[in-house]
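Undergrad: First the structure, then my questions, so here it is.
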Protein chains: 4
Amino acid sequence: MKELQKKAVAFRDERNWQQFHKPKDLALSLSLEASELLELFQWKTDEEALAENHQDMQDELADVVIYALLIAEATNIDLYDAIENKIKKNGLKYPVEKASGSRVKYTEL
Amino acid sequence: MKELQKKAVAFRDERNWQQFHKPKDLALSLSLEASELLELFQWKTDEEALAENHQDMQDELADVVIYALLIAEATNIDLYDAIENKIKKNGLKYPVEKASGSRVKYTEL
Amino acid sequence: MKELQKKAVAFRDERNWQQFHKPKDLALSLSLEASELLELFQWKTDEEALAENHQDMQDELADVVIYALLIAEATNIDLYDAIENKIKKNGLKYPVEKASGSRVKYTEL
Amino acid sequence: MKELQKKAVAFRDERNWQQFHKPKDLALSLSLEASELLELFQWKTDEEALAENHQDMQDELADVVIYALLIAEATNIDLYDAIENKIKKNGLKYPVEKASGSRVKYTEL
């Protein structure tokens with residue numbers, strides 16, 4: 001993950017883009033890439049989307065994570081630690097005995 | 001990254017949630033988490049958002065990447081390879097000599 | 001529509017919020033409200049979502065349009081004209097004879 | 001508003017698209033259009049976005065409201081009433097004396 005982050009940051013710096021990469025615009029951009037991923041499923045079943053758009057899915061999913069790596073860099077977040085901690089927090093919000101087999105939000109568990 | 005993906009998948013399977021984790025709903029969920037991250041910047045400057053919401057940023061950014069890892073698992077995408085390939089593709093869309101210091105989209109370069 | 005726009009603008013001005021209502025933050029806010037509407041369908045079929053969340057749907061859909069009215073006001077757009085014109089444009093992108101019964105994007109028609 | 005809704009519904013029915021227009025996919029589509037509107041502000045100040053993209057803003061804002069009208073039709077929501085009611089509800093969440101000149105969320109007022 002650190003290695004991919006370095007590549008993404010190098011890509012940015014080679015193009016002298018750090019001046020544009022304010023956290024708010026990066027978060028906005030990540031949201032736009034998430035929408036491009038979601039668009040691959042518009043009007044489609046899972047099966048149709050996977051059959052028609054698997055290469056595009058790889059590209060859009062990658063763009064989402066590239067922005068996540070750039071946001072982490074720009075806001076001094078250790079993404080690995082953040083994910084480990086969040087999985088633990090999610091475990092407290094969704095304890096196995098209550099959440100098992102249920103799709104409801106933790107506020108309604 | 002593989003290690004984090006294993007943890008995210010284990011979390012899902014302990015709760016018997018694989019039945020809900022269709023790719024379309026996962027992509028929808030990733031988009032919702034991206035919006036929750038973006039919400040931390042709503043009505044705020046970068047400075048205000050970072051001062052007020054840094055811990056929440058870690059959590060929301062983590063949720064975005066957790067869903068990216070789950071989508072990759074559900075759709076048989078090697079996320080590491082996908083990101084490496086996408087950075088190369090982006091390099092072709094935004095060659096250094098043209099894109100340096102410019103914020104315009106590749107379609108207008 | 002003009003009448004609803006007046007109410008939304010009056011609501012804003014009574015609270016002295018015009019200072020915050022820059023178009024970029026309004027567009028960001030509209031996107032967040034669209035996500036809150038979409039969240040009502042997360043992990044659910046259409047039938048489940050309609051049965052469980054119909055009142056919330058009214059509220060979230062209303063919030064989306066309220067922001068659309070505020071953006072129109074802030075950017076000097078006549079929303080009625082814009083919609084009429086866009087329906088005409090969409091008709092050129094999706095001519096009946098080609099688009100009938102098809103879910104593909106106009107770029108692939 | 002009723003008139004615009006009739007035009008949007010006629011557009012849909014001429015193309016025999018009602019079969020695709022499930023509420024979940026419509027909500028997803030509205031979210032995508034909201035992102036296209038937001039994209040017009042990506043990497044830009046308000047001034048830059050308005051100067052460069054005013055016609056596109058009209059089109060994207062129109063698409064957002066067209067989907068809102070279609071969702072209202074598909075889910076039996078009277079959009080006019082929903083907006084009137086929501087403005088009243090928002091008034092309770094953001095009373096003038098507390099919310100005046102403040103950008104904080106009602107949960108923190």
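Chain identifiers are assigned as A, B, and so on, following the order in which chains appear in the structure tokens; residues are numbered from 1 within each chain, and ligands are numbered from 1 in order of appearance.
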With chain D held fixed, move chain C onto it by a least-squares fit of all C-alpha atoms in order and give the output as a short mmCIF file (atom, residue, chain, number, x, y, z; two decimals) with N, CA and C atoms, in the first residue's frame.
TA:
```cif
data_model
loop_
_atom_site.label_atom_id
_atom_site.label_comp_id
_atom_site.auth_asym_id
_atom_site.auth_seq_id
_atom_site.Cartn_x
_atom_site.Cartn_y
_atom_site.Cartn_z
N MET C 1 -44.78 22.44 -12.34
CA MET C 1 -44.06 21.22 -11.95
C MET C 1 -44.80 19.97 -12.45
N LYS C 2 -46.12 19.96 -12.29
CA LYS C 2 -46.93 18.86 -12.83
C LYS C 2 -46.74 18.73 -14.35
N GLU C 3 -46.66 19.90 -14.98
CA GLU C 3 -46.53 19.93 -16.44
C GLU C 3 -45.17 19.34 -16.88
N LEU C 4 -44.12 19.75 -16.18
CA LEU C 4 -42.80 19.20 -16.49
C LEU C 4 -42.77 17.70 -16.22
N GLN C 5 -43.43 17.28 -15.15
CA GLN C 5 -43.46 15.86 -14.84
C GLN C 5 -44.15 15.09 -15.98
N LYS C 6 -45.24 15.67 -16.49
CA LYS C 6 -45.93 15.00 -17.61
C LYS C 6 -45.01 14.85 -18.81
N LYS C 7 -44.25 15.90 -19.10
CA LYS C 7 -43.32 15.82 -20.23
C LYS C 7 -42.25 14.75 -20.01
N ALA C 8 -41.73 14.69 -18.81
CA ALA C 8 -40.69 13.69 -18.52
C ALA C 8 -41.25 12.27 -18.61
N VAL C 9 -42.47 12.10 -18.13
CA VAL C 9 -43.10 10.78 -18.18
C VAL C 9 -43.42 10.40 -19.63
N ALA C 10 -43.88 11.38 -20.41
CA ALA C 10 -44.17 11.11 -21.83
C ALA C 10 -42.89 10.69 -22.56
N PHE C 11 -41.80 11.39 -22.27
CA PHE C 11 -40.50 11.05 -22.86
C PHE C 11 -40.13 9.59 -22.57
N ARG C 12 -40.29 9.22 -21.32
CA ARG C 12 -40.01 7.85 -20.89
C ARG C 12 -40.92 6.85 -21.63
N ASP C 13 -42.19 7.15 -21.69
CA ASP C 13 -43.14 6.17 -22.23
C ASP C 13 -43.01 6.03 -23.75
N GLU C 14 -42.70 7.12 -24.44
CA GLU C 14 -42.46 7.04 -25.89
C GLU C 14 -41.33 6.06 -26.20
N ARG C 15 -40.38 5.96 -25.28
CA ARG C 15 -39.22 5.08 -25.49
C ARG C 15 -39.39 3.71 -24.82
N ASN C 16 -40.54 3.51 -24.24
CA ASN C 16 -40.81 2.23 -23.60
C ASN C 16 -39.76 1.91 -22.53
N TRP C 17 -39.47 2.91 -21.72
CA TRP C 17 -38.41 2.76 -20.71
C TRP C 17 -38.96 2.47 -19.32
N GLN C 18 -40.27 2.43 -19.18
CA GLN C 18 -40.80 2.24 -17.83
C GLN C 18 -40.32 0.92 -17.22
N GLN C 19 -40.11 -0.07 -18.10
CA GLN C 19 -39.60 -1.37 -17.64
C GLN C 19 -38.26 -1.25 -16.89
N PHE C 20 -37.43 -0.27 -17.25
CA PHE C 20 -36.12 -0.10 -16.59
C PHE C 20 -36.21 0.81 -15.37
N HIS C 21 -37.25 1.63 -15.30
CA HIS C 21 -37.30 2.70 -14.32
C HIS C 21 -37.80 2.25 -12.95
N LYS C 22 -37.08 1.28 -12.38
CA LYS C 22 -37.34 0.88 -11.01
C LYS C 22 -36.83 1.98 -10.08
N PRO C 23 -37.51 2.20 -8.96
CA PRO C 23 -37.08 3.30 -8.07
C PRO C 23 -35.61 3.23 -7.67
N LYS C 24 -35.09 2.05 -7.40
CA LYS C 24 -33.68 1.96 -6.96
C LYS C 24 -32.74 2.44 -8.07
N ASP C 25 -33.01 2.02 -9.29
CA ASP C 25 -32.16 2.47 -10.41
C ASP C 25 -32.37 3.95 -10.70
N LEU C 26 -33.56 4.46 -10.47
CA LEU C 26 -33.79 5.90 -10.66
C LEU C 26 -33.04 6.71 -9.60
N ALA C 27 -33.05 6.25 -8.37
CA ALA C 27 -32.32 6.95 -7.30
C ALA C 27 -30.82 6.91 -7.57
N LEU C 28 -30.36 5.76 -8.06
CA LEU C 28 -28.95 5.63 -8.46
C LEU C 28 -28.65 6.64 -9.59
N SER C 29 -29.55 6.74 -10.55
CA SER C 29 -29.33 7.64 -11.69
C SER C 29 -29.34 9.10 -11.25
N LEU C 30 -30.24 9.44 -10.35
CA LEU C 30 -30.24 10.81 -9.84
C LEU C 30 -28.91 11.12 -9.17
N SER C 31 -28.38 10.17 -8.42
CA SER C 31 -27.10 10.38 -7.76
C SER C 31 -25.98 10.57 -8.79
N LEU C 32 -26.03 9.83 -9.88
CA LEU C 32 -25.01 10.00 -10.94
C LEU C 32 -25.12 11.39 -11.58
N GLU C 33 -26.34 11.85 -11.82
CA GLU C 33 -26.50 13.18 -12.42
C GLU C 33 -26.03 14.27 -11.46
N ALA C 34 -26.28 14.08 -10.17
CA ALA C 34 -25.78 15.04 -9.18
C ALA C 34 -24.26 15.11 -9.22
N SER C 35 -23.62 13.96 -9.46
CA SER C 35 -22.16 13.95 -9.58
C SER C 35 -21.69 14.66 -10.84
N GLU C 36 -22.45 14.52 -11.92
CA GLU C 36 -22.06 15.22 -13.14
C GLU C 36 -22.16 16.74 -12.96
N LEU C 37 -23.15 17.16 -12.22
CA LEU C 37 -23.23 18.59 -11.88
C LEU C 37 -22.02 18.99 -11.03
N LEU C 38 -21.72 18.20 -10.04
CA LEU C 38 -20.60 18.52 -9.15
C LEU C 38 -19.28 18.53 -9.91
N GLU C 39 -19.16 17.66 -10.90
CA GLU C 39 -17.90 17.59 -11.67
C GLU C 39 -17.57 18.92 -12.35
N LEU C 40 -18.60 19.71 -12.64
CA LEU C 40 -18.36 21.01 -13.28
C LEU C 40 -17.60 21.96 -12.36
N PHE C 41 -17.53 21.63 -11.07
CA PHE C 41 -16.81 22.45 -10.10
C PHE C 41 -15.46 21.85 -9.69
N GLN C 42 -15.17 20.66 -10.21
CA GLN C 42 -13.92 19.96 -9.80
C GLN C 42 -12.68 20.78 -10.15
N TRP C 43 -11.79 20.93 -9.19
CA TRP C 43 -10.53 21.68 -9.35
C TRP C 43 -10.76 23.16 -9.65
N LYS C 44 -11.97 23.66 -9.43
CA LYS C 44 -12.26 25.04 -9.83
C LYS C 44 -12.82 25.85 -8.68
N THR C 45 -12.60 27.14 -8.73
CA THR C 45 -13.31 28.05 -7.85
C THR C 45 -14.72 28.24 -8.40
N ASP C 46 -15.58 28.82 -7.59
CA ASP C 46 -16.92 29.15 -8.07
C ASP C 46 -16.86 30.02 -9.33
N GLU C 47 -15.98 30.99 -9.30
CA GLU C 47 -15.91 31.94 -10.42
C GLU C 47 -15.49 31.22 -11.70
N GLU C 48 -14.46 30.38 -11.60
CA GLU C 48 -14.01 29.64 -12.78
C GLU C 48 -15.11 28.74 -13.33
N ALA C 49 -15.77 28.03 -12.42
CA ALA C 49 -16.81 27.08 -12.86
C ALA C 49 -17.95 27.82 -13.56
N LEU C 50 -18.38 28.93 -12.98
CA LEU C 50 -19.49 29.67 -13.60
C LEU C 50 -19.08 30.25 -14.95
N ALA C 51 -17.86 30.72 -15.05
CA ALA C 51 -17.42 31.32 -16.31
C ALA C 51 -17.28 30.26 -17.41
N GLU C 52 -16.81 29.06 -17.03
CA GLU C 52 -16.50 28.04 -18.04
C GLU C 52 -17.68 27.13 -18.38
N ASN C 53 -18.59 26.92 -17.42
CA ASN C 53 -19.53 25.81 -17.56
C ASN C 53 -21.01 26.18 -17.35
N HIS C 54 -21.40 27.39 -17.61
CA HIS C 54 -22.76 27.77 -17.24
C HIS C 54 -23.82 27.00 -18.03
N GLN C 55 -23.57 26.77 -19.31
CA GLN C 55 -24.56 26.02 -20.10
C GLN C 55 -24.65 24.57 -19.60
N ASP C 56 -23.49 23.96 -19.35
CA ASP C 56 -23.50 22.58 -18.83
C ASP C 56 -24.22 22.50 -17.47
N MET C 57 -24.05 23.54 -16.66
CA MET C 57 -24.75 23.55 -15.37
C MET C 57 -26.26 23.48 -15.56
N GLN C 58 -26.77 24.24 -16.51
CA GLN C 58 -28.21 24.21 -16.77
C GLN C 58 -28.63 22.78 -17.14
N ASP C 59 -27.84 22.15 -18.01
CA ASP C 59 -28.20 20.81 -18.47
C ASP C 59 -28.14 19.78 -17.33
N GLU C 60 -27.10 19.84 -16.54
CA GLU C 60 -26.96 18.83 -15.48
C GLU C 60 -27.97 19.06 -14.37
N LEU C 61 -28.20 20.32 -14.04
CA LEU C 61 -29.21 20.62 -13.02
C LEU C 61 -30.59 20.15 -13.50
N ALA C 62 -30.86 20.37 -14.78
CA ALA C 62 -32.13 19.90 -15.34
C ALA C 62 -32.24 18.38 -15.24
N ASP C 63 -31.17 17.67 -15.56
CA ASP C 63 -31.21 16.20 -15.48
C ASP C 63 -31.51 15.73 -14.06
N VAL C 64 -30.93 16.41 -13.09
CA VAL C 64 -31.21 16.05 -11.69
C VAL C 64 -32.72 16.16 -11.40
N VAL C 65 -33.30 17.28 -11.79
CA VAL C 65 -34.71 17.49 -11.46
C VAL C 65 -35.62 16.57 -12.29
N ILE C 66 -35.21 16.29 -13.53
CA ILE C 66 -35.99 15.35 -14.34
C ILE C 66 -36.06 13.99 -13.63
N TYR C 67 -34.94 13.52 -13.11
CA TYR C 67 -34.98 12.25 -12.37
C TYR C 67 -35.82 12.38 -11.10
N ALA C 68 -35.75 13.52 -10.45
CA ALA C 68 -36.58 13.70 -9.26
C ALA C 68 -38.07 13.59 -9.61
N LEU C 69 -38.43 14.17 -10.76
CA LEU C 69 -39.84 14.09 -11.19
C LEU C 69 -40.23 12.65 -11.52
N LEU C 70 -39.31 11.91 -12.13
CA LEU C 70 -39.60 10.51 -12.48
C LEU C 70 -39.68 9.63 -11.24
N ILE C 71 -38.83 9.90 -10.26
CA ILE C 71 -38.90 9.14 -9.01
C ILE C 71 -40.22 9.42 -8.30
N ALA C 72 -40.60 10.68 -8.27
CA ALA C 72 -41.86 11.04 -7.63
C ALA C 72 -43.01 10.28 -8.29
N GLU C 73 -43.00 10.23 -9.61
CA GLU C 73 -44.06 9.52 -10.32
C GLU C 73 -44.03 8.02 -9.98
N ALA C 74 -42.83 7.45 -9.99
CA ALA C 74 -42.70 6.00 -9.79
C ALA C 74 -43.01 5.56 -8.37
N THR C 75 -42.92 6.48 -7.41
CA THR C 75 -43.11 6.10 -6.02
C THR C 75 -44.34 6.76 -5.41
N ASN C 76 -45.15 7.36 -6.27
CA ASN C 76 -46.38 7.99 -5.77
C ASN C 76 -46.14 9.08 -4.74
N ILE C 77 -45.20 9.94 -5.05
CA ILE C 77 -44.93 11.07 -4.16
C ILE C 77 -45.41 12.34 -4.85
N ASP C 78 -46.16 13.17 -4.12
CA ASP C 78 -46.52 14.49 -4.63
C ASP C 78 -45.37 15.42 -4.29
N LEU C 79 -44.58 15.75 -5.30
CA LEU C 79 -43.33 16.46 -5.05
C LEU C 79 -43.57 17.85 -4.47
N TYR C 80 -44.62 18.51 -4.95
CA TYR C 80 -44.92 19.84 -4.43
C TYR C 80 -45.20 19.78 -2.92
N ASP C 81 -46.07 18.88 -2.54
CA ASP C 81 -46.38 18.72 -1.10
C ASP C 81 -45.15 18.32 -0.30
N ALA C 82 -44.37 17.40 -0.88
CA ALA C 82 -43.18 16.92 -0.17
C ALA C 82 -42.22 18.06 0.13
N ILE C 83 -42.06 18.96 -0.85
CA ILE C 83 -41.13 20.08 -0.65
C ILE C 83 -41.69 21.07 0.38
N GLU C 84 -42.96 21.39 0.26
CA GLU C 84 -43.57 22.28 1.27
C GLU C 84 -43.41 21.70 2.68
N ASN C 85 -43.72 20.43 2.82
CA ASN C 85 -43.60 19.80 4.14
C ASN C 85 -42.16 19.79 4.63
N LYS C 86 -41.22 19.52 3.71
CA LYS C 86 -39.83 19.42 4.14
C LYS C 86 -39.29 20.78 4.56
N ILE C 87 -39.71 21.83 3.88
CA ILE C 87 -39.26 23.16 4.31
C ILE C 87 -39.77 23.45 5.73
N LYS C 88 -40.98 23.02 6.02
CA LYS C 88 -41.49 23.20 7.39
C LYS C 88 -40.67 22.38 8.40
N LYS C 89 -40.41 21.13 8.05
CA LYS C 89 -39.60 20.29 8.94
C LYS C 89 -38.21 20.88 9.16
N ASN C 90 -37.60 21.36 8.08
CA ASN C 90 -36.27 21.96 8.21
C ASN C 90 -36.31 23.18 9.13
N GLY C 91 -37.46 23.86 9.13
CA GLY C 91 -37.61 25.01 10.01
C GLY C 91 -37.58 24.61 11.48
N LEU C 92 -38.09 23.42 11.78
CA LEU C 92 -38.04 22.93 13.16
C LEU C 92 -36.63 22.48 13.55
N LYS C 93 -35.91 21.90 12.56
CA LYS C 93 -34.54 21.47 12.82
C LYS C 93 -33.58 22.66 12.95
N TYR C 94 -33.89 23.70 12.21
CA TYR C 94 -33.02 24.88 12.20
C TYR C 94 -33.82 26.13 12.56
N PRO C 95 -34.21 26.28 13.84
CA PRO C 95 -34.96 27.48 14.22
C PRO C 95 -34.11 28.73 13.98
N VAL C 96 -34.79 29.79 13.50
CA VAL C 96 -34.06 31.01 13.11
C VAL C 96 -33.12 31.49 14.21
N GLU C 97 -33.61 31.53 15.44
CA GLU C 97 -32.80 32.13 16.50
C GLU C 97 -31.50 31.35 16.75
N LYS C 98 -31.56 30.04 16.54
CA LYS C 98 -30.34 29.25 16.77
C LYS C 98 -29.45 29.17 15.54
N ALA C 99 -30.08 29.05 14.37
CA ALA C 99 -29.33 28.72 13.17
C ALA C 99 -28.83 29.95 12.42
N SER C 100 -29.28 31.11 12.82
CA SER C 100 -28.95 32.31 12.04
C SER C 100 -27.44 32.52 11.97
N GLY C 101 -26.93 32.59 10.75
CA GLY C 101 -25.51 32.86 10.54
C GLY C 101 -24.60 31.72 10.91
N SER C 102 -25.17 30.55 11.20
CA SER C 102 -24.35 29.41 11.62
C SER C 102 -24.35 28.33 10.54
N ARG C 103 -23.20 27.71 10.30
CA ARG C 103 -23.13 26.66 9.30
C ARG C 103 -23.13 25.25 9.92
N VAL C 104 -23.38 25.14 11.23
CA VAL C 104 -23.29 23.81 11.85
C VAL C 104 -24.58 23.01 11.64
N LYS C 105 -24.42 21.71 11.67
CA LYS C 105 -25.53 20.79 11.46
C LYS C 105 -26.49 20.85 12.64
N TYR C 106 -27.75 20.55 12.38
CA TYR C 106 -28.76 20.69 13.43
C TYR C 106 -28.44 19.83 14.65
N THR C 107 -27.75 18.72 14.42
CA THR C 107 -27.41 17.84 15.54
C THR C 107 -26.43 18.51 16.51
N GLU C 108 -25.79 19.59 16.06
CA GLU C 108 -24.83 20.28 16.93
C GLU C 108 -25.29 21.67 17.34
N LEU C 109 -26.49 22.03 16.92
CA LEU C 109 -26.98 23.39 17.26
C LEU C 109 -27.28 23.50 18.76
#
```
Undergrad: Quick check for you: according to DSSP on this backbone, which residues of chain A are classed as helix (DSSP H, G or I)? Reply as a PyMOL selection string.
TA: chain A and resi 2-14+23-39+46-74+79-93+96-99+106-108
